[in-house]
Amino acid sequence: MIVTLAGVNFQPIDVRDVAARLTEIATGAPAGRVPDMGGPEIRGHSDLARTYLAATGRRRLVLPIRLPGAVVAGYRRGGHLAPD
């Protein structure tokens with residue numbers, strides 16, 4: 001069984017994109033706070049779990065649960081997602 005966070009989305013990003021951006025930042029002029037970055041697609045936590053299971057050839061129950069609390073509520077609102 002894989003337990004996921006109900007109503008929470010993530011923005012997966014290719015590690016090559018992250019590496020390229022970090023290289024730009026590290027070798028460029030001082031930039032202060034740089035914009036957050038995320039992948040081009042916003043996907044649900046349960047959807048990502050099912051994609052992982054399909055890619056690895058595994059079969060498991062995906063159980064979305066709704067956790068209480070301010071931190072998880074912030075995730076449900078998308079506070080951790082990159083705007084662009």
# chains A, B, ... in the order shown; residues from 1 in each chain; ligands from 1
call {"tool": "residues_around", "arguments": {"residues": "Leu81 in chain A", "least_positions_apart": "2", "cutoff": "7 Å", "atoms": "only C-alpha atoms", "output": "ChimeraX atom specification"}}
result
/A:10-11,78-79,83
call {"tool": "residues_around", "arguments": {"residues": "range 46-51 of chain A", "least_positions_apart": "2", "cutoff": "7 Å", "atoms": "only C-alpha atoms", "output": "list of chain:residue names"}}
result
A:Thr4, A:Arg43, A:Gly44, A:Leu53, A:Ala54, A:Ala55, A:Val62, A:Pro64
